[in-house]
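> If it helps, the file is called target-v7.cif and holds mmCIF, C-alpha atoms and all ligand atoms:
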data_model
#
loop_
_atom_site.label_atom_id
_atom_site.label_comp_id
_atom_site.auth_asym_id
_atom_site.auth_seq_id
_atom_site.Cartn_x
_atom_site.Cartn_y
_atom_site.Cartn_z
CA MET A 18 -55.38 -22.19 39.34
CA VAL A 19 -55.25 -23.12 43.01
CA LEU A 20 -58.62 -23.10 44.81
CA TYR A 21 -58.80 -23.62 48.54
CA PHE A 22 -61.22 -23.93 51.44
CA SER A 23 -59.80 -23.25 54.88
CA GLY A 24 -61.31 -22.79 58.34
CA THR A 25 -58.23 -21.82 60.32
CA GLY A 26 -55.58 -21.19 57.68
CA ASN A 27 -53.71 -24.50 57.24
CA SER A 28 -55.12 -25.18 53.80
CA ARG A 29 -54.71 -21.54 52.82
CA PHE A 30 -51.03 -21.69 53.81
CA VAL A 31 -50.45 -24.84 51.75
CA ALA A 32 -52.44 -23.45 48.78
CA GLU A 33 -50.44 -20.23 48.77
CA LYS A 34 -47.13 -22.08 48.89
CA ILE A 35 -48.16 -24.29 45.97
CA ALA A 36 -49.48 -21.30 43.99
CA LYS A 37 -46.18 -19.50 44.50
CA GLU A 38 -44.22 -22.45 43.12
CA LEU A 39 -46.60 -22.68 40.14
CA ASP A 40 -46.47 -18.91 39.61
CA ASP A 41 -50.25 -18.98 39.85
CA LYS A 42 -52.87 -17.50 42.15
CA ALA A 43 -54.54 -19.07 45.18
CA VAL A 44 -58.26 -18.34 45.35
CA ASP A 45 -60.30 -18.71 48.55
CA ILE A 46 -63.68 -20.32 47.79
CA LYS A 47 -65.06 -18.91 51.06
CA LYS A 48 -66.09 -15.72 49.25
CA PHE A 49 -68.21 -17.79 46.83
CA LEU A 50 -69.79 -19.72 49.70
CA LYS A 51 -70.54 -16.43 51.47
CA ASN A 52 -72.03 -14.25 48.76
CA GLU A 53 -69.80 -13.58 45.74
CA ALA A 54 -70.91 -14.88 42.35
CA VAL A 55 -68.82 -17.82 41.15
CA PRO A 56 -66.90 -16.77 38.03
CA ASP A 57 -66.83 -18.79 34.83
CA PHE A 58 -63.83 -21.03 35.11
CA LYS A 59 -63.01 -21.09 31.41
CA GLU A 60 -59.26 -21.70 31.58
CA GLY A 61 -58.19 -25.25 30.88
CA GLY A 62 -55.00 -26.76 32.24
CA VAL A 63 -54.13 -27.49 35.84
CA TYR A 64 -56.41 -26.99 38.85
CA VAL A 65 -55.27 -27.69 42.40
CA PHE A 66 -57.97 -28.09 45.07
CA VAL A 67 -56.76 -27.69 48.66
CA ALA A 68 -58.95 -28.39 51.69
CA PRO A 69 -58.86 -29.87 55.20
CA SER A 70 -59.68 -33.44 56.10
CA TYR A 71 -63.03 -33.65 57.92
CA VAL A 72 -64.09 -37.04 59.27
CA SER A 73 -61.39 -38.93 57.35
CA ALA A 74 -62.17 -37.36 53.99
CA ILE A 75 -61.66 -34.14 52.06
CA ALA A 76 -64.00 -31.49 53.55
CA ARG A 77 -67.43 -31.40 51.95
CA PRO A 78 -67.58 -27.61 51.52
CA MET A 79 -64.86 -28.14 48.90
CA THR A 80 -66.27 -31.25 47.21
CA ASP A 81 -69.78 -29.72 47.16
CA PHE A 82 -68.35 -26.57 45.59
CA ILE A 83 -66.52 -28.56 42.91
CA TYR A 84 -69.61 -30.65 42.24
CA GLU A 85 -71.87 -27.61 41.83
CA THR A 86 -69.46 -25.44 39.82
CA ALA A 87 -68.85 -25.56 36.07
CA PHE A 88 -65.25 -26.28 35.09
CA PRO A 89 -63.95 -27.00 31.61
CA LYS A 90 -63.91 -30.70 30.75
CA GLY A 91 -60.53 -32.38 30.72
CA ILE A 92 -58.79 -30.14 33.25
CA LYS A 93 -56.00 -31.80 35.21
CA ALA A 94 -57.28 -31.98 38.80
CA TYR A 95 -54.87 -32.27 41.73
CA TYR A 96 -56.12 -32.46 45.32
CA VAL A 97 -54.17 -31.60 48.47
CA VAL A 98 -55.71 -32.40 51.85
CA THR A 99 -54.41 -30.95 55.11
CA CYS A 100 -55.01 -32.99 58.25
CA LYS A 101 -53.89 -33.62 61.79
CA ALA A 102 -53.27 -37.33 61.21
CA SER A 103 -54.73 -38.67 57.97
CA MET A 104 -56.59 -37.65 54.82
CA GLY A 105 -58.45 -40.99 55.07
CA VAL A 106 -60.44 -41.90 51.98
CA SER A 107 -59.96 -38.56 50.21
CA PRO A 108 -58.20 -40.11 47.16
CA GLU A 109 -61.19 -42.32 46.35
CA ILE A 110 -63.63 -39.44 46.82
CA ASP A 111 -61.52 -37.19 44.60
CA ARG A 112 -61.09 -39.86 41.95
CA ARG A 113 -64.86 -40.45 41.76
CA LEU A 114 -65.64 -36.72 41.78
CA SER A 115 -63.12 -36.11 39.00
CA GLY A 116 -64.73 -38.88 36.97
CA ARG A 117 -68.19 -37.32 37.34
CA LYS A 118 -66.90 -33.88 36.37
CA GLY A 119 -64.89 -35.07 33.38
CA PHE A 120 -61.57 -34.06 34.95
CA LYS A 121 -58.32 -35.90 34.50
CA TYR A 122 -57.58 -37.08 38.06
CA MET A 123 -53.93 -36.41 38.92
CA GLY A 124 -53.91 -37.72 42.49
CA THR A 125 -54.36 -36.57 46.07
CA ALA A 126 -51.61 -35.66 48.53
CA GLU A 127 -51.75 -35.30 52.30
CA VAL A 128 -50.03 -32.62 54.39
CA LYS A 129 -49.95 -33.03 58.16
CA MET A 130 -50.65 -29.71 59.87
CA PRO A 131 -51.70 -28.62 63.39
CA GLN A 132 -54.99 -29.78 64.88
CA ASN A 133 -57.75 -27.15 64.80
CA TYR A 134 -60.73 -29.22 65.99
CA LEU A 135 -60.70 -28.02 69.58
CA VAL A 136 -64.32 -28.80 70.35
CA TYR A 137 -63.62 -32.55 70.35
CA PHE A 138 -59.80 -32.87 70.33
CA THR A 139 -56.73 -31.34 71.91
CA THR A 140 -55.17 -28.30 70.31
CA LYS A 141 -51.54 -27.50 71.02
CA GLU A 142 -49.54 -24.47 72.10
CA LYS A 143 -47.68 -22.29 69.58
CA GLU A 144 -44.24 -24.00 69.91
CA ASP A 145 -45.68 -27.45 69.19
CA ASN A 146 -47.63 -26.12 66.23
CA LEU A 147 -44.50 -24.44 64.88
CA GLU A 148 -42.71 -27.78 64.90
CA VAL A 149 -45.54 -29.43 62.96
CA ILE A 150 -45.57 -26.63 60.38
CA ASN A 151 -41.79 -26.75 59.94
CA ASP A 152 -41.99 -30.52 59.45
CA ALA A 153 -44.65 -30.00 56.76
CA LEU A 154 -42.61 -27.56 54.66
CA PRO A 155 -40.52 -30.17 52.74
CA GLU A 156 -43.67 -32.16 51.93
CA ILE A 157 -45.46 -29.05 50.63
CA ASP A 158 -42.43 -28.26 48.50
CA LYS A 159 -42.32 -31.80 47.12
CA ILE A 160 -46.03 -31.70 46.24
CA ALA A 161 -45.69 -28.31 44.52
CA LYS A 162 -42.71 -29.51 42.48
CA THR A 163 -44.53 -32.71 41.47
CA ILE A 164 -47.48 -30.65 40.23
CA LYS A 165 -45.17 -28.24 38.43
CA ALA A 166 -43.50 -31.16 36.67
CA GLY A 167 -46.93 -32.38 35.50
CA LYS A 168 -46.52 -35.68 37.35
CA ARG A 169 -49.20 -37.54 39.30
CA LEU A 170 -49.41 -37.35 43.11
CA GLN A 171 -49.05 -40.75 44.73
CA SER A 172 -51.63 -41.70 47.39
CA THR A 173 -51.57 -44.52 49.90
CA LYS A 174 -53.85 -47.51 49.27
CA MET A 175 -57.11 -47.96 51.23
CA LYS A 176 -58.15 -51.10 53.05
CA SER A 177 -61.12 -52.92 51.55
CA GLY A 178 -64.45 -51.62 52.90
CA GLU A 179 -62.81 -48.48 54.30
CA PHE A 180 -64.45 -46.19 51.76
CA GLN A 181 -68.04 -47.36 52.39
CA ILE A 182 -67.67 -47.30 56.19
CA THR A 183 -66.06 -43.86 56.21
CA VAL A 184 -68.71 -42.32 53.97
CA PHE A 185 -71.46 -43.87 56.11
CA VAL A 186 -69.93 -42.49 59.33
CA ALA A 187 -69.29 -39.09 57.72
CA ASP A 188 -72.92 -38.84 56.55
CA LEU A 189 -74.07 -39.33 60.15
CA TYR A 190 -71.41 -37.02 61.52
CA TYR A 191 -72.24 -34.11 59.20
CA GLU A 192 -75.93 -34.59 60.01
CA PHE A 193 -75.80 -35.04 63.78
CA PHE A 194 -72.51 -33.71 65.17
CA MET A 195 -71.84 -30.51 63.26
CA LYS A 196 -74.25 -28.59 65.42
CA THR A 197 -74.14 -25.08 66.85
CA LYS A 198 -76.33 -25.36 69.95
CA LYS A 199 -73.30 -25.70 72.22
CA PHE A 200 -71.61 -22.48 71.04
CA SER A 201 -71.72 -19.75 73.65
CA VAL A 202 -70.18 -16.32 74.09
CA SER A 203 -68.79 -14.80 77.27
CA ASP A 204 -68.74 -11.21 78.52
CA GLU A 205 -65.21 -10.90 77.10
CA CYS A 206 -66.83 -10.30 73.69
CA ILE A 207 -66.02 -6.84 72.31
CA SER A 208 -68.58 -7.03 69.47
CA CYS A 209 -65.83 -6.83 66.83
CA LYS A 210 -67.81 -9.06 64.39
CA LYS A 211 -64.75 -11.05 63.38
CA CYS A 212 -66.70 -14.28 63.93
CA VAL A 213 -69.52 -12.98 61.73
CA ASN A 214 -67.18 -12.07 58.89
CA ILE A 215 -65.05 -15.20 59.06
CA CYS A 216 -67.88 -17.76 58.94
CA PRO A 217 -67.96 -19.34 55.46
CA TYR A 218 -71.71 -19.89 55.64
CA ASN A 219 -72.79 -16.52 57.07
CA ASN A 220 -74.12 -18.57 59.96
CA ILE A 221 -73.46 -15.99 62.68
CA GLU A 222 -75.34 -12.75 63.16
CA MET A 223 -75.00 -10.05 65.79
CA ILE A 224 -78.03 -9.60 67.98
CA ASN A 225 -77.76 -7.02 70.76
CA ASP A 226 -74.01 -6.80 70.03
CA ARG A 227 -73.46 -10.51 70.65
CA PRO A 228 -72.97 -13.34 68.11
CA VAL A 229 -75.86 -15.73 67.63
CA TRP A 230 -75.38 -18.98 65.67
CA GLY A 231 -77.78 -20.31 63.06
CA ASP A 232 -78.04 -23.92 61.85
CA LYS A 233 -75.76 -24.02 58.79
CA CYS A 234 -72.39 -24.98 60.23
CA THR A 235 -69.60 -27.21 58.97
CA HIS A 236 -67.60 -27.07 62.22
CA CYS A 237 -64.75 -25.34 60.40
CA MET A 238 -63.66 -23.94 63.79
CA ALA A 239 -62.90 -20.48 62.43
CA CYS A 240 -65.18 -18.57 64.81
CA ILE A 241 -64.07 -20.23 68.03
CA ASN A 242 -60.35 -20.24 67.19
CA MET A 243 -60.07 -16.77 65.71
CA CYS A 244 -62.03 -14.74 68.27
CA PRO A 245 -59.46 -12.19 69.52
CA LYS A 246 -60.84 -12.37 73.07
CA LYS A 247 -61.28 -16.16 73.34
CA ALA A 248 -64.88 -15.26 74.11
CA ILE A 249 -66.40 -18.21 72.23
CA ASN A 250 -66.76 -21.65 73.78
CA TYR A 251 -68.42 -24.93 72.84
CA GLY A 252 -69.99 -26.80 75.70
CA LYS A 253 -67.81 -27.03 78.79
CA GLY A 254 -64.65 -28.56 77.33
CA THR A 255 -63.04 -25.71 75.39
CA LYS A 256 -62.47 -23.00 77.97
CA ASP A 257 -58.90 -23.97 78.84
CA LYS A 258 -57.80 -25.27 75.45
CA PRO A 259 -55.39 -23.22 73.33
CA ARG A 260 -56.90 -21.54 70.28
CA TYR A 261 -55.31 -22.35 66.93
CA THR A 262 -54.94 -19.13 64.97
CA GLY A 263 -53.27 -20.50 61.85
CA PRO A 264 -49.76 -20.96 60.43
CA TYR A 265 -49.05 -17.32 59.57
CA ASP A 266 -49.73 -16.35 63.18
CA VAL A 267 -47.66 -19.28 64.51
CA ILE A 268 -44.68 -18.43 62.29
CA SER A 269 -44.74 -14.67 62.98
C1 LIG B 301 -64.77 -30.90 61.56
C2 LIG B 301 -63.34 -31.35 61.56
C3 LIG B 301 -63.04 -32.68 61.32
C4 LIG B 301 -61.70 -33.09 61.28
N1 LIG B 301 -61.44 -34.40 60.99
C5 LIG B 301 -60.15 -34.80 60.86
C6 LIG B 301 -59.85 -36.14 60.50
O1 LIG B 301 -60.74 -36.97 60.28
N2 LIG B 301 -58.55 -36.51 60.40
C7 LIG B 301 -57.52 -35.62 60.63
O2 LIG B 301 -56.36 -36.01 60.51
N3 LIG B 301 -57.77 -34.33 60.96
C8 LIG B 301 -59.06 -33.90 61.08
N4 LIG B 301 -59.34 -32.59 61.42
C9 LIG B 301 -58.21 -31.64 61.57
C10 LIG B 301 -58.05 -30.76 60.33
O3 LIG B 301 -58.19 -31.54 59.15
C11 LIG B 301 -56.70 -30.04 60.26
O4 LIG B 301 -56.40 -29.36 61.41
C12 LIG B 301 -56.70 -29.13 59.02
O5 LIG B 301 -55.37 -28.88 58.63
C13 LIG B 301 -57.42 -27.82 59.24
O6 LIG B 301 -57.33 -27.06 58.06
P1 LIG B 301 -57.74 -25.53 57.94
O7 LIG B 301 -56.89 -24.76 58.93
O8 LIG B 301 -57.41 -25.18 56.54
O9 LIG B 301 -59.18 -25.42 58.26
C14 LIG B 301 -60.65 -32.16 61.50
C15 LIG B 301 -60.97 -30.83 61.76
C16 LIG B 301 -62.29 -30.42 61.79
C17 LIG B 301 -62.59 -28.98 62.07
S1 LIG B 302 -65.01 -12.50 67.34
FE1 LIG B 302 -65.20 -12.71 69.55
S2 LIG B 302 -65.07 -10.61 70.33
FE2 LIG B 302 -65.53 -10.46 68.15
S3 LIG B 302 -67.80 -10.37 68.04
FE3 LIG B 302 -67.22 -12.54 67.82
S4 LIG B 302 -67.32 -13.33 69.92
FE4 LIG B 302 -67.26 -11.11 70.09
S1 LIG B 303 -70.44 -21.17 62.80
FE1 LIG B 303 -68.24 -21.19 63.28
S2 LIG B 303 -67.65 -23.35 63.09
FE2 LIG B 303 -69.65 -23.13 62.08
S3 LIG B 303 -69.17 -22.78 59.91
FE3 LIG B 303 -69.37 -20.76 60.87
S4 LIG B 303 -67.28 -20.19 61.51
FE4 LIG B 303 -67.29 -22.40 61.06
#
Show me this structure written as structure tokens.
Ligand SMILES: Cc1cc2nc3c(=O)[nH]c(=O)nc-3n(C[C@H](O)[C@H](O)[C@H](O)COP(=O)(O)O)c2cc1C
Ligand code: SF4
Ligand code: SF4

Amino acid sequence: MVLYFSGTGNSRFVAEKIAKELDDKAVDIKKFLKNEAVPDFKEGGVYVFVAPSYVSAIARPMTDFIYETAFPKGIKAYYVVTCKASMGVSPEIDRRLSGRKGFKYMGTAEVKMPQNYLVYFTTKEKEDNLEVINDALPEIDKIAKTIKAGKRLQSTKMKSGEFQITVFVADLYYEFFMKTKKFSVSDECISCKKCVNICPYNNIEMINDRPVWGDKCTHCMACINMCPKKAINYGKGTKDKPRYTGPYDVIS
């Protein structure tokens, strides 16, 4: 089974490609984070967990989900992390998590995909994103074939101390930077509720036909990127930046 978490579609795209090669299904964990009951994962065998890199490590919505969910002991756990530049210390996090859960850790692979973090970084136009996605295709294929062959995924080695520093910084970042106060909505809003429906944490509600943000946010960037009217902004820096609407939209 392939389980994925995805804000803007990169991890979904990779998960679906891998699932196709494995003749398996790709399951979005967003529905479990939102409201659907988590099923009993009784099947043994191979599990592939696909998620973005947040703050130099596999995104916590995915690792928290794995930690809190019952899986059969001894499953073979593969991890695939999509990122703009680097999956950082994901392999060490995944190895430790697998150990705690009684999984057989089969490695972590990185896939470089377009940047989606427009509130703090620069997102690119469609043509540039298309190039990045096309460059990623052979790597996705290689990863899928490695998993299909039952082989381990090879990860790069970390520098000493990198793990502790990254986890320390990430703890602070999740606590103090993944905030919603700076989200705003313009008069372009057509009250379509796409932002409400897309948020993995049900953190947005419509009040007087306008979205209002609560406190539970993982900065997945789905709401701000996917708004069909570009009506959502974050502080003053996002107004003129391109929105990243995911690989399927870029390719179409
Ligand atoms: C909160 C946040 C933190 C991020 N941190 C990193 C990072 O540390 N390194 C990196 O290469 N990319 C980082 N990115 C970029 C994403 O990992 C990348 O665009 C990813 O493919 C998005 O996947 P998705 O479309 O499935 O959500 C970050 C994005 C977000 C939203
Ligand atoms: S997605 Fe955009 S247009 Fe639709 S309700 Fe949200 S802010 Fe308004
Ligand atoms: S509020 Fe927006 S950025 Fe935060 S978790 Fe929900 S969709 Fe993602």
> Pick out the closest residue to A:Ala248 from this set: A:Ser28, A:Thr235, A:Ser208, A:Ser23. Count only C-alpha atoms.
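Among the listed residues, the smallest separation from A:Ala248 belongs to A:Ser208.
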> Could you pull out the residues sitting within 8 Å of ligand LIG 301 (chain B), using all atoms listed in the file, and write them as a PyMOL selection string?
chain A and resi 22-30+68-74+76+98-105+128-135+195+235-239+263
> For ligand LIG 302 (chain B), collect every residue having any atom at a distance of at most 8 Å from a ligand atom (counting all atoms listed in the file); output as a PyMOL selection string.
chain A and resi 202-203+205-213+223+226-228+240-241+243-249
> What lies within 6 Å of A:Pro108 using all atoms listed in the file, ignoring chain neighbours under 3 positions off, as a list in words?
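Skipping anything fewer than 3 positions along the chain leaves Asp111, Arg112 and Thr125 of chain A.
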> So the first atom is atom CA of A:Cys234 and the second is atom CA of A:Val106; what is the distance between them in Å, to one decimal place?
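Distance reported for this atom pair: 22.3 Å.
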> Which is closest to ligand LIG 303 (chain B) among A:Ile35, A:Val267, A:Ile215, A:Met79, if we use only C-alpha atoms and all ligand atoms?
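The shortest atom-to-atom distance to ligand LIG 303 (chain B) comes from A:Ile215.
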